[in-house]
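Student: One file is attached below, entry.txt, containing compact mmCIF, C-alpha atoms.
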```txt
# COMPACT_ATOMS: atom_id res chain seq x y z
CA MET A 1 -47.06 90.43 1.89
CA ASP A 2 -50.64 89.76 0.82
CA GLU A 3 -49.92 89.31 -2.87
CA GLU A 4 -49.61 85.92 -4.54
CA TYR A 5 -46.44 85.05 -6.45
CA ASP A 6 -46.14 82.81 -9.49
CA ALA A 7 -43.11 81.19 -7.90
CA ILE A 8 -41.40 81.29 -4.51
CA VAL A 9 -37.75 80.23 -4.62
CA LEU A 10 -36.16 79.07 -1.36
CA GLY A 11 -32.38 79.25 -0.99
CA THR A 12 -29.90 81.35 -2.99
CA GLY A 13 -27.63 78.52 -4.15
CA LEU A 14 -26.39 78.65 -7.74
CA LYS A 15 -29.18 76.44 -9.06
CA GLU A 16 -31.92 78.37 -7.28
CA CYS A 17 -30.55 81.69 -8.54
CA ILE A 18 -30.37 80.51 -12.14
CA ILE A 19 -33.91 79.06 -12.08
CA SER A 20 -35.17 82.27 -10.44
CA GLY A 21 -33.54 84.30 -13.24
CA MET A 22 -35.04 82.05 -15.93
CA LEU A 23 -38.52 82.33 -14.41
CA SER A 24 -38.23 86.12 -14.00
CA VAL A 25 -37.09 86.58 -17.59
CA SER A 26 -40.01 84.47 -18.81
CA GLY A 27 -42.41 86.92 -17.16
CA LYS A 28 -43.13 85.17 -13.86
CA LYS A 29 -43.51 87.12 -10.62
CA VAL A 30 -40.87 85.65 -8.30
CA LEU A 31 -40.18 85.92 -4.56
CA HIS A 32 -36.75 84.65 -3.55
CA ILE A 33 -36.09 83.88 0.13
CA ASP A 34 -33.03 82.60 2.00
CA ARG A 35 -32.96 81.72 5.70
CA ASN A 36 -29.27 82.71 5.85
CA ASN A 37 -28.01 86.28 5.99
CA TYR A 38 -25.65 85.61 3.07
CA TYR A 39 -26.09 84.48 -0.52
CA GLY A 40 -25.20 81.06 -1.87
CA GLY A 41 -26.38 78.50 0.68
CA GLU A 42 -24.28 75.36 0.33
CA SER A 43 -22.43 76.88 -2.63
CA ALA A 44 -21.52 80.13 -0.84
CA SER A 45 -18.34 82.12 -1.34
CA LEU A 46 -16.65 82.93 1.96
CA THR A 47 -14.88 86.25 2.47
CA PRO A 48 -12.92 87.44 4.40
CA LEU A 49 -10.69 84.39 5.00
CA GLU A 50 -11.58 84.51 8.71
CA GLN A 51 -15.07 83.23 7.77
CA LEU A 52 -13.57 80.04 6.36
CA TYR A 53 -11.53 79.44 9.53
CA GLU A 54 -14.55 80.06 11.76
CA LYS A 55 -16.75 77.72 9.70
CA PHE A 56 -14.32 74.80 9.89
CA HIS A 57 -12.16 75.41 12.98
CA GLY A 58 -14.47 77.28 15.37
CA ALA A 59 -15.01 80.89 16.45
CA ASN A 60 -11.48 81.57 17.69
CA ALA A 61 -9.55 80.17 14.73
CA LYS A 62 -7.50 82.72 12.83
CA PRO A 63 -5.49 82.54 9.56
CA GLN A 64 -1.70 82.96 9.62
CA PRO A 65 -0.55 86.60 9.25
CA GLU A 66 1.44 85.72 6.10
CA MET A 67 -1.84 84.80 4.36
CA GLY A 68 -2.35 88.49 3.67
CA ARG A 69 -5.52 90.53 3.94
CA GLY A 70 -8.58 88.43 4.74
CA ARG A 71 -10.66 90.54 2.34
CA ASP A 72 -8.47 89.50 -0.60
CA TRP A 73 -9.72 85.92 -0.28
CA ASN A 74 -12.96 84.69 -1.86
CA VAL A 75 -13.26 80.99 -1.07
CA ASP A 76 -15.93 79.08 -2.97
CA LEU A 77 -17.18 76.13 -0.91
CA ILE A 78 -18.12 74.38 -4.16
CA PRO A 79 -15.95 75.80 -6.95
CA LYS A 80 -17.07 74.89 -10.45
CA PHE A 81 -15.79 76.08 -13.82
CA LEU A 82 -18.06 77.04 -16.71
CA MET A 83 -17.66 75.46 -20.14
CA ALA A 84 -17.15 78.48 -22.43
CA ASN A 85 -19.58 77.24 -25.05
CA GLY A 86 -21.77 75.27 -22.69
CA PRO A 87 -25.46 75.62 -21.85
CA LEU A 88 -24.84 77.48 -18.59
CA VAL A 89 -23.02 80.36 -20.28
CA LYS A 90 -25.90 80.51 -22.77
CA LEU A 91 -28.39 80.62 -19.89
CA LEU A 92 -26.42 83.36 -18.14
CA ILE A 93 -26.35 85.40 -21.33
CA HIS A 94 -30.04 84.71 -21.90
CA THR A 95 -31.00 86.02 -18.48
CA GLY A 96 -28.76 89.07 -18.91
CA VAL A 97 -26.92 88.44 -15.64
CA THR A 98 -23.58 88.61 -17.47
CA ARG A 99 -23.86 92.41 -17.32
CA TYR A 100 -22.90 92.16 -13.64
CA LEU A 101 -20.09 89.64 -13.97
CA GLU A 102 -16.67 89.50 -15.50
CA PHE A 103 -15.28 86.14 -16.58
CA LYS A 104 -11.71 85.02 -17.01
CA SER A 105 -10.40 82.00 -18.86
CA ILE A 106 -8.97 79.13 -16.79
CA GLU A 107 -5.39 78.67 -17.98
CA ALA A 108 -5.10 74.92 -18.43
CA SER A 109 -6.84 71.59 -18.26
CA PHE A 110 -4.88 68.51 -17.18
CA VAL A 111 -5.38 64.77 -16.80
CA VAL A 112 -3.40 62.32 -14.65
CA LYS A 113 -1.91 59.12 -16.06
CA GLY A 114 0.38 56.84 -14.06
CA GLY A 115 0.69 59.45 -11.31
CA LYS A 116 1.94 62.14 -13.73
CA ILE A 117 0.13 65.31 -14.84
CA TYR A 118 -0.41 65.83 -18.60
CA LYS A 119 -2.11 68.66 -20.48
CA VAL A 120 -5.35 67.46 -22.06
CA PRO A 121 -4.85 67.46 -25.84
CA ALA A 122 -8.05 68.82 -27.30
CA ASP A 123 -7.34 69.58 -30.95
CA GLU A 124 -5.37 67.97 -33.76
CA MET A 125 -2.22 70.06 -33.18
CA GLU A 126 -2.09 69.21 -29.48
CA ALA A 127 -2.91 65.58 -30.21
CA LEU A 128 0.24 65.29 -32.31
CA ALA A 129 2.42 67.08 -29.73
CA THR A 130 1.27 65.37 -26.54
CA SER A 131 3.49 62.98 -24.59
CA LEU A 132 0.36 61.28 -23.22
CA MET A 133 0.60 58.62 -25.95
CA GLY A 134 2.97 57.12 -28.50
CA MET A 135 3.31 58.25 -32.11
CA PHE A 136 0.96 55.74 -33.77
CA GLU A 137 -1.69 56.25 -31.10
CA LYS A 138 -1.45 60.03 -31.70
CA ARG A 139 -2.31 59.55 -35.36
CA ARG A 140 -5.26 57.34 -34.52
CA PHE A 141 -6.45 59.87 -31.93
CA LYS A 142 -6.11 62.72 -34.42
CA LYS A 143 -8.27 60.78 -36.91
CA PHE A 144 -10.84 60.24 -34.17
CA LEU A 145 -10.94 63.99 -33.35
CA VAL A 146 -11.39 64.90 -37.01
CA TRP A 147 -14.30 62.44 -37.23
CA VAL A 148 -15.87 63.87 -34.04
CA GLN A 149 -15.76 67.40 -35.49
CA GLN A 150 -17.58 66.48 -38.69
CA PHE A 151 -20.03 63.92 -37.21
CA ASP A 152 -23.69 64.87 -37.64
CA GLU A 153 -26.36 62.56 -36.26
CA ASN A 154 -28.75 63.61 -39.05
CA LYS A 155 -26.33 62.99 -41.94
CA GLU A 156 -25.53 59.35 -42.47
CA ASP A 157 -22.57 60.11 -44.77
CA THR A 158 -20.69 61.50 -41.71
CA TRP A 159 -21.12 58.33 -39.64
CA GLN A 160 -18.32 56.35 -41.33
CA GLY A 161 -20.14 53.08 -40.82
CA LEU A 162 -20.95 53.74 -37.15
CA ASP A 163 -24.63 53.95 -36.23
CA PRO A 164 -25.38 56.43 -33.42
CA HIS A 165 -28.50 54.45 -32.48
CA ASN A 166 -26.91 51.01 -32.27
CA ASN A 167 -23.16 51.42 -31.74
CA THR A 168 -21.70 52.12 -28.30
CA MET A 169 -18.87 54.52 -27.45
CA GLN A 170 -16.63 51.50 -26.79
CA GLN A 171 -17.26 50.36 -30.38
CA VAL A 172 -16.18 53.82 -31.58
CA TYR A 173 -12.94 53.56 -29.59
CA ASP A 174 -12.41 50.09 -31.08
CA LYS A 175 -13.07 51.25 -34.66
CA PHE A 176 -10.42 53.97 -34.36
CA GLY A 177 -8.06 51.55 -32.60
CA LEU A 178 -7.76 53.73 -29.49
CA ASP A 179 -6.20 52.01 -26.48
CA GLU A 180 -7.65 51.95 -22.99
CA ASN A 181 -5.61 54.94 -21.75
CA THR A 182 -6.77 57.12 -24.62
CA ALA A 183 -10.37 56.02 -24.15
CA ASP A 184 -9.92 56.80 -20.47
CA PHE A 185 -8.90 60.41 -20.84
CA THR A 186 -11.31 60.98 -23.77
CA GLY A 187 -14.27 59.83 -21.68
CA HIS A 188 -13.23 61.54 -18.45
CA ALA A 189 -11.21 64.65 -19.36
CA LEU A 190 -12.88 65.60 -22.67
CA ALA A 191 -16.44 64.24 -22.42
CA LEU A 192 -16.33 64.75 -18.61
CA TYR A 193 -18.11 61.52 -17.66
CA ARG A 194 -17.71 60.59 -14.00
CA ASP A 195 -17.57 56.83 -14.52
CA ASP A 196 -17.38 54.32 -17.39
CA GLU A 197 -21.09 53.68 -17.98
CA HIS A 198 -20.99 55.80 -21.16
CA LYS A 199 -18.83 53.20 -22.91
CA ASN A 200 -21.77 50.80 -23.11
CA GLN A 201 -24.32 53.38 -24.33
CA PRO A 202 -25.05 54.73 -27.83
CA PHE A 203 -22.20 57.08 -28.73
CA ALA A 204 -23.94 60.27 -29.97
CA PRO A 205 -24.15 62.06 -26.56
CA ALA A 206 -20.47 61.35 -25.82
CA VAL A 207 -19.40 62.68 -29.22
CA GLU A 208 -21.52 65.79 -28.59
CA LYS A 209 -19.74 66.33 -25.25
CA ILE A 210 -16.28 66.00 -26.80
CA ARG A 211 -17.28 68.53 -29.45
CA LEU A 212 -18.55 70.92 -26.77
CA TYR A 213 -15.13 70.69 -25.12
CA SER A 214 -13.23 71.52 -28.30
CA ASP A 215 -15.71 74.25 -29.36
CA SER A 216 -15.32 75.83 -25.92
CA LEU A 217 -11.56 75.59 -26.20
CA ALA A 218 -11.69 77.31 -29.58
CA ARG A 219 -13.49 80.29 -28.04
CA TYR A 220 -10.78 81.44 -25.64
CA GLY A 221 -7.79 79.32 -26.52
CA LYS A 222 -6.14 78.18 -23.27
CA SER A 223 -8.72 75.85 -21.81
CA PRO A 224 -12.44 75.41 -22.38
CA TYR A 225 -13.29 76.79 -18.94
CA LEU A 226 -14.30 80.21 -17.61
CA TYR A 227 -14.64 81.45 -14.04
CA PRO A 228 -16.09 84.70 -12.69
CA LEU A 229 -13.62 87.18 -11.18
CA TYR A 230 -14.02 87.17 -7.36
CA GLY A 231 -15.44 83.64 -7.51
CA LEU A 232 -18.89 82.15 -7.88
CA GLY A 233 -20.33 84.27 -5.06
CA GLU A 234 -20.77 86.96 -7.69
CA LEU A 235 -23.39 84.89 -9.53
CA PRO A 236 -26.16 84.91 -6.91
CA GLN A 237 -25.66 88.63 -6.33
CA GLY A 238 -25.84 89.29 -10.07
CA PHE A 239 -29.11 87.37 -10.17
CA ALA A 240 -30.48 89.38 -7.24
CA ARG A 241 -29.88 92.58 -9.22
CA LEU A 242 -31.38 91.04 -12.33
CA SER A 243 -34.46 89.88 -10.45
CA ALA A 244 -35.09 93.40 -9.15
CA ILE A 245 -35.21 94.69 -12.74
CA TYR A 246 -37.94 92.18 -13.54
CA GLY A 247 -39.94 93.07 -10.45
CA GLY A 248 -38.80 90.08 -8.41
CA THR A 249 -38.18 90.36 -4.67
CA TYR A 250 -35.18 89.00 -2.75
CA MET A 251 -35.21 88.51 1.03
CA LEU A 252 -32.20 87.29 3.00
CA ASP A 253 -32.22 86.34 6.69
CA LYS A 254 -35.87 85.33 6.51
CA PRO A 255 -36.71 82.19 8.50
CA VAL A 256 -38.76 79.69 6.51
CA ASP A 257 -40.73 77.52 8.92
CA GLU A 258 -42.56 75.30 6.47
CA ILE A 259 -44.04 74.92 3.03
CA VAL A 260 -47.83 75.27 3.33
CA ILE A 261 -49.77 72.42 1.68
CA GLU A 262 -53.50 72.40 0.88
CA ASN A 263 -55.09 69.32 -0.73
CA GLY A 264 -51.66 67.85 -1.48
CA LYS A 265 -50.50 70.97 -3.31
CA ALA A 266 -48.13 73.71 -2.16
CA VAL A 267 -49.82 77.10 -1.81
CA GLY A 268 -47.09 79.12 -0.11
CA VAL A 269 -44.55 79.27 2.70
CA LYS A 270 -44.87 80.11 6.37
CA CYS A 271 -42.34 82.62 7.74
CA GLY A 272 -42.99 83.25 11.44
CA ASP A 273 -46.57 84.47 11.76
CA GLU A 274 -47.11 85.26 8.11
CA VAL A 275 -47.88 83.05 5.13
CA VAL A 276 -46.68 84.13 1.71
CA ARG A 277 -48.76 82.61 -1.06
CA GLY A 278 -47.23 81.22 -4.24
CA LYS A 279 -48.40 78.90 -7.01
CA GLN A 280 -45.11 76.99 -7.14
CA ILE A 281 -42.16 76.42 -4.83
CA TYR A 282 -38.58 75.87 -6.08
CA CYS A 283 -36.00 75.01 -3.44
CA ASP A 284 -32.81 73.20 -2.45
CA PRO A 285 -33.10 69.90 -0.50
CA SER A 286 -32.65 71.58 2.91
CA TYR A 287 -36.05 73.32 2.62
CA ALA A 288 -37.99 70.11 1.92
CA LYS A 289 -36.26 67.37 3.90
CA ASP A 290 -39.32 65.09 3.87
CA ARG A 291 -39.38 65.04 0.06
CA VAL A 292 -35.76 64.07 -0.70
CA LYS A 293 -33.67 60.92 -0.47
CA LYS A 294 -29.97 60.65 0.34
CA THR A 295 -28.02 59.08 -2.51
CA GLY A 296 -24.42 59.37 -1.32
CA GLN A 297 -21.74 61.75 -0.11
CA VAL A 298 -19.08 64.04 -1.56
CA VAL A 299 -15.77 64.79 0.13
CA ARG A 300 -14.11 68.14 -0.61
CA ALA A 301 -10.72 69.34 0.61
CA ILE A 302 -10.16 73.10 0.35
CA CYS A 303 -6.39 73.73 0.34
CA LEU A 304 -4.50 77.00 0.69
CA LEU A 305 -1.14 76.91 -1.11
CA ASN A 306 1.65 79.48 -1.35
CA HIS A 307 2.83 78.13 -4.73
CA PRO A 308 1.26 76.94 -7.99
CA ILE A 309 0.50 73.21 -8.30
CA PRO A 310 3.77 71.46 -9.33
CA ASN A 311 4.08 70.12 -12.91
CA THR A 312 1.41 72.47 -14.30
CA ASN A 313 3.86 74.96 -15.89
CA ASP A 314 3.13 77.33 -13.00
CA ALA A 315 -0.50 77.63 -14.16
CA GLN A 316 -2.28 80.42 -12.25
CA SER A 317 -5.54 78.50 -12.65
CA CYS A 318 -6.31 74.97 -13.84
CA GLN A 319 -8.44 71.87 -13.61
CA ILE A 320 -6.92 68.40 -13.12
CA ILE A 321 -8.95 65.21 -13.51
CA ILE A 322 -7.72 61.86 -12.15
CA PRO A 323 -9.72 59.21 -14.06
CA GLN A 324 -11.02 56.54 -11.67
CA LYS A 325 -9.11 53.65 -13.32
CA GLN A 326 -5.79 55.42 -12.62
CA VAL A 327 -6.36 55.08 -8.87
CA GLY A 328 -8.54 51.95 -8.74
CA ARG A 329 -11.79 53.77 -7.98
CA HIS A 330 -15.33 53.85 -9.36
CA TYR A 331 -15.49 57.69 -9.53
CA ASP A 332 -13.00 60.28 -10.75
CA ILE A 333 -11.11 62.69 -8.49
CA TYR A 334 -11.28 66.38 -9.44
CA ILE A 335 -8.88 69.21 -8.64
CA SER A 336 -9.52 72.89 -9.33
CA CYS A 337 -7.06 75.69 -8.69
CA CYS A 338 -7.41 79.49 -8.84
CA SER A 339 -5.29 82.42 -7.70
CA GLN A 340 -4.92 86.16 -7.74
CA THR A 341 -5.56 86.28 -11.50
CA ASN A 342 -9.13 85.21 -10.66
CA MET A 343 -9.28 87.70 -7.74
CA VAL A 344 -9.85 84.93 -5.20
CA THR A 345 -6.53 85.13 -3.27
CA PRO A 346 -3.81 87.69 -2.40
CA LYS A 347 -0.67 87.71 -4.55
CA GLY A 348 1.46 84.56 -4.23
CA TRP A 349 -1.38 82.42 -2.81
CA TYR A 350 -3.41 79.71 -4.51
CA LEU A 351 -6.72 78.10 -3.69
CA ALA A 352 -7.01 74.40 -4.61
CA MET A 353 -9.95 72.07 -4.11
CA VAL A 354 -9.81 68.28 -4.32
CA SER A 355 -13.16 66.50 -4.50
CA THR A 356 -14.65 63.09 -5.21
CA THR A 357 -17.71 60.95 -4.60
CA VAL A 358 -17.34 59.00 -1.35
CA GLU A 359 -16.89 55.22 -1.84
CA THR A 360 -15.48 54.04 1.51
CA SER A 361 -15.86 54.69 5.23
CA ASN A 362 -12.67 56.79 5.18
CA PRO A 363 -13.46 59.70 2.80
CA GLU A 364 -10.38 61.70 3.76
CA ALA A 365 -8.10 58.95 2.44
CA GLU A 366 -10.03 58.96 -0.85
CA VAL A 367 -8.82 62.46 -1.79
CA LEU A 368 -5.16 61.58 -1.01
CA PRO A 369 -4.16 60.89 -4.65
CA GLY A 370 -5.27 64.46 -5.39
CA LEU A 371 -3.68 66.04 -2.31
CA GLN A 372 -0.36 64.37 -3.16
CA LEU A 373 -0.20 66.31 -6.45
CA LEU A 374 -0.49 69.69 -4.74
CA GLY A 375 2.95 69.94 -3.09
CA PRO A 376 3.19 71.51 0.40
CA ILE A 377 -0.23 72.58 1.75
CA ALA A 378 -0.33 75.60 4.09
CA GLU A 379 -3.82 74.79 5.40
CA LYS A 380 -6.55 72.37 4.52
CA PHE A 381 -10.25 72.18 5.33
CA ILE A 382 -12.14 68.91 4.82
CA GLN A 383 -15.87 68.89 4.24
CA ILE A 384 -18.07 65.82 3.79
CA SER A 385 -21.52 66.63 2.40
CA ASP A 386 -24.56 64.43 1.99
CA VAL A 387 -25.99 64.29 -1.52
CA TYR A 388 -29.78 64.41 -1.87
CA GLU A 389 -32.14 64.18 -4.77
CA PRO A 390 -35.91 64.74 -4.82
CA SER A 391 -38.18 61.79 -4.08
CA ASP A 392 -41.11 64.03 -5.07
CA LEU A 393 -40.68 65.42 -8.61
CA GLY A 394 -43.37 68.03 -8.02
CA ALA A 395 -45.99 67.23 -10.69
CA ASP A 396 -48.77 67.12 -8.06
CA SER A 397 -47.30 69.01 -5.12
CA GLN A 398 -45.84 71.83 -7.26
CA ILE A 399 -42.68 71.67 -5.12
CA PHE A 400 -39.60 71.47 -7.35
CA ILE A 401 -36.45 70.47 -5.52
CA SER A 402 -32.91 70.67 -6.91
CA ARG A 403 -30.30 67.96 -6.44
CA SER A 404 -27.28 68.48 -4.18
CA TYR A 405 -24.00 69.44 -5.87
CA ASP A 406 -21.82 66.58 -7.09
CA ALA A 407 -18.02 66.24 -6.94
CA THR A 408 -17.29 67.60 -10.41
CA THR A 409 -15.27 70.81 -10.83
CA HIS A 410 -17.30 71.91 -13.84
CA PHE A 411 -20.91 73.02 -14.30
CA GLU A 412 -22.18 70.47 -16.80
CA THR A 413 -24.19 68.38 -14.30
CA THR A 414 -25.43 71.49 -12.44
CA CYS A 415 -26.79 72.91 -15.66
CA LYS A 416 -28.52 69.64 -16.52
CA ASP A 417 -30.31 69.77 -13.18
CA VAL A 418 -31.41 73.41 -13.66
CA LEU A 419 -32.89 72.57 -17.08
CA ASP A 420 -34.62 69.56 -15.56
CA LEU A 421 -36.09 71.76 -12.79
CA PHE A 422 -37.29 74.27 -15.37
CA GLN A 423 -38.93 71.53 -17.41
CA ARG A 424 -40.63 69.96 -14.38
CA GLY A 425 -41.91 73.34 -13.22
CA THR A 426 -43.07 74.84 -16.50
CA THR A 427 -43.87 71.48 -18.20
CA LYS A 428 -41.87 72.52 -21.26
CA GLU A 429 -38.22 72.30 -22.18
CA PHE A 430 -36.19 75.48 -22.10
CA ASP A 431 -35.86 76.73 -25.66
CA PHE A 432 -32.27 77.76 -26.35
CA THR A 433 -33.27 79.19 -29.73
CA ASN A 434 -34.81 82.14 -27.86
CA ILE A 435 -31.32 83.26 -26.92
CA THR A 436 -30.36 85.80 -29.51
CA HIS A 437 -26.74 86.74 -28.75
CA LEU A 438 -24.35 84.03 -27.70
CA SER A 439 -21.13 85.81 -26.84
CA LEU A 440 -19.61 87.17 -23.68
CA ASN A 441 -17.53 89.52 -25.76
CA ASP A 442 -19.76 92.50 -25.18
CA GLN A 443 -18.64 92.42 -21.56
CA GLU A 444 -14.98 91.71 -22.14
```
Since I need it in another form, could you write the structure as structure tokens?
Tutor:
Amino acid sequence: MDEEYDAIVLGTGLKECIISGMLSVSGKKVLHIDRNNYYGGESASLTPLEQLYEKFHGANAKPQPEMGRGRDWNVDLIPKFLMANGPLVKLLIHTGVTRYLEFKSIEASFVVKGGKIYKVPADEMEALATSLMGMFEKRRFKKFLVWVQQFDENKEDTWQGLDPHNNTMQQVYDKFGLDENTADFTGHALALYRDDEHKNQPFAPAVEKIRLYSDSLARYGKSPYLYPLYGLGELPQGFARLSAIYGGTYMLDKPVDEIVIENGKAVGVKCGDEVVRGKQIYCDPSYAKDRVKKTGQVVRAICLLNHPIPNTNDAQSCQIIIPQKQVGRHYDIYISCCSQTNMVTPKGWYLAMVSTTVETSNPEAEVLPGLQLLGPIAEKFIQISDVYEPSDLGADSQIFISRSYDATTHFETTCKDVLDLFQRGTTKEFDFTNITHLSLNDQE
């Protein structure tokens, strides 16, 4: 291994795989290493089911016989759905990795109000039919959605007296006469904000996010979300194949002892007795512990169910968001659910995940409002993970570290971080106009 690489990527988590693909496609010579003998790092997909039991309950733990064949389970430790029209799907198409993956639409998107589950109304028809609000509020909400669809930051005649530079999102809600509940689910279930900070900020980004939701919904019809068949574990493997086409090298089960620094700048990594040289290092926080800071924790409960989630019309897959105000919290609670239609469980079984950002010293109690919506739980696995972000942004050291995964059940924040990594590493923003075809249909 005498050659020098343009970039060495450490860890095969989702973010690392996407950045590796982006660098490869832009002509960089990439070496991708993982100390584990499996893909995915913290965001791995565990199969067979026995692996999940061993990870959480020790070497001798075994699933119940009625849980079917272990190989029919693909359990994502950090399941996240993709917004059909979102930047991540565009990145995946851009890198060409979609040739190796098949996506399926998630059936429904729900929001919780007063302890009850409601379908998220995302277009004018649904807005008028929903029981989430009264008749007059529906009309006001419909007007708001129509305005969102035609709003253009560059055309003042679409602003309707609201200035995207000076008016806040709260002022938009006020102008359309939307009550607090409507503002709540708009901000959290449509724009996918995790807290209420966005209400006090200029409104253009929030309007953009709501439009992304409805554009994504328009693509596939049931919900705005997609998910790869067999779970997210397929993504890193797709990227490994892609990387090989571009001359990149993947190595699993390769111990990484340290990042080698000369004159304050990374020049490679030390693996046992050998040093592999590289101009830049991209990695997850676990490979550069002295250059990250802990910013909080996420609690995730993986639940195995032998029935669909109650009150979701027997949805075979769905996302449910509990806005923080509904349960007196600062951060939302997220629930994702998949089943055999996504090839992640045997027939008749469902895989649900409840997650949130930790706010108290009793994280397990914090996911209770979510667990209570699931009905009887056959088995649950609780995981509390520290969240890190880089304290060194890499401009001098040339070490570019990703952030840990947050509690959301969608990819919007993950994608933002990947684009930020790309910009820090290459000193220029990723140009989406280079992506020529923007449809998954050629694989469907």
Student: For each of A:Ala352, A:Leu145, A:Val358, A:Val111, take the minimum atom-to-atom distance to Met125 of chain A, counting all atoms listed in the file, then give the residue where this is smallest.
Tutor: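 That would be A:Leu145, the residue with the smallest distance to Met125 of chain A.
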Student: How far is it from atom CA of Ala59 of chain A to atom CA of Tyr350 of chain A, in Å with one decimal?
Tutor: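 That distance, rounded to one decimal, is 24.0 Å.
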Student: Quick one: everything within 9 Å of Thr249 of chain A, counting all atoms listed in the file, minus sequence neighbours fewer than 2 positions away in the same chain. Send it as a list in words.
Tutor: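 The neighbour list is Lys29, Val30, Leu31, His32, Ile33, Ala240, Ser243, Ala244, Gly247 and Met251 of chain A.
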Student: Report, in Å with one decimal, the straight-line distance from atom CA of Asp215 of chain A to atom CA of Tyr334 of chain A.
Tutor: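 About the pair atom CA of Asp215 of chain A and atom CA of Tyr334 of chain A: they are 21.9 Å apart.
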Student: Find the residues around Ser109 of chain A up to 12 Å (only C-alpha atoms counted), leave out those fewer than 5 positions away in its own chain, and share them as a compact mmCIF listing (two decimals) with C-alpha atoms, in the frame of the given file.
Tutor:
```txt
# COMPACT_ATOMS: atom_id res chain seq x y z
CA PHE A 81 -15.79 76.08 -13.82
CA MET A 83 -17.66 75.46 -20.14
CA ILE A 117 0.13 65.31 -14.84
CA TYR A 118 -0.41 65.83 -18.60
CA LYS A 119 -2.11 68.66 -20.48
CA VAL A 120 -5.35 67.46 -22.06
CA PRO A 121 -4.85 67.46 -25.84
CA ALA A 122 -8.05 68.82 -27.30
CA PHE A 185 -8.90 60.41 -20.84
CA HIS A 188 -13.23 61.54 -18.45
CA ALA A 189 -11.21 64.65 -19.36
CA LEU A 190 -12.88 65.60 -22.67
CA LEU A 192 -16.33 64.75 -18.61
CA TYR A 213 -15.13 70.69 -25.12
CA SER A 214 -13.23 71.52 -28.30
CA LEU A 217 -11.56 75.59 -26.20
CA GLY A 221 -7.79 79.32 -26.52
CA LYS A 222 -6.14 78.18 -23.27
CA SER A 223 -8.72 75.85 -21.81
CA PRO A 224 -12.44 75.41 -22.38
CA TYR A 225 -13.29 76.79 -18.94
CA LEU A 226 -14.30 80.21 -17.61
CA THR A 312 1.41 72.47 -14.30
CA ASN A 313 3.86 74.96 -15.89
CA ALA A 315 -0.50 77.63 -14.16
CA GLN A 316 -2.28 80.42 -12.25
CA SER A 317 -5.54 78.50 -12.65
CA CYS A 318 -6.31 74.97 -13.84
CA GLN A 319 -8.44 71.87 -13.61
CA ILE A 320 -6.92 68.40 -13.12
CA ILE A 321 -8.95 65.21 -13.51
CA ILE A 322 -7.72 61.86 -12.15
CA TYR A 334 -11.28 66.38 -9.44
CA ILE A 335 -8.88 69.21 -8.64
CA SER A 336 -9.52 72.89 -9.33
CA CYS A 337 -7.06 75.69 -8.69
CA THR A 409 -15.27 70.81 -10.83
CA HIS A 410 -17.30 71.91 -13.84
```
Student: Each residue of segment 10-60 of chain A lying at most 12 Å from segment 386-406 of chain A should get a row with its shortest atom-to-atom pair and the distance in Å to one decimal, counting all atoms listed in the file; could you produce that, ordered by chain and increasing number, as CSV?
Tutor:
```
residue,atom,partner,partner_atom,distance
A:Leu10,CA,A:Ile401,CA,9.6
A:Gly11,CA,A:Ser402,CA,10.4
A:Thr12,CA,A:Ser402,CA,11.8
A:Gly13,CA,A:Ser402,CA,9.9
A:Leu14,CA,A:Tyr405,CA,9.7
A:Lys15,CA,A:Ser402,CA,7.2
A:Glu16,CA,A:Ser402,CA,7.8
A:Cys17,CA,A:Ser402,CA,11.4
A:Ile18,CA,A:Ser402,CA,11.4
A:Ile19,CA,A:Ser402,CA,9.9
A:Gly41,CA,A:Ser404,CA,11.2
A:Glu42,CA,A:Tyr405,CA,8.6
A:Ser43,CA,A:Tyr405,CA,8.3
```
Student: Which of these, A:Asn311, A:Gln64, A:Gln280, A:Ser355, has the shortest distance to Gly375 of chain A once you count only C-alpha atoms?
Tutor: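 Looking only at the distances to Gly375 of chain A, the closest residue turns out to be A:Asn311.
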Student: Give me, as an NGL selection string, all polymer residues having an atom no more than 9 Å from Gln324 of chain A, counting all atoms listed in the file and skipping those fewer than 2 positions away in the same chain.
Tutor: :A and (184 or 188 or 194-196 or 322 or 326-333)
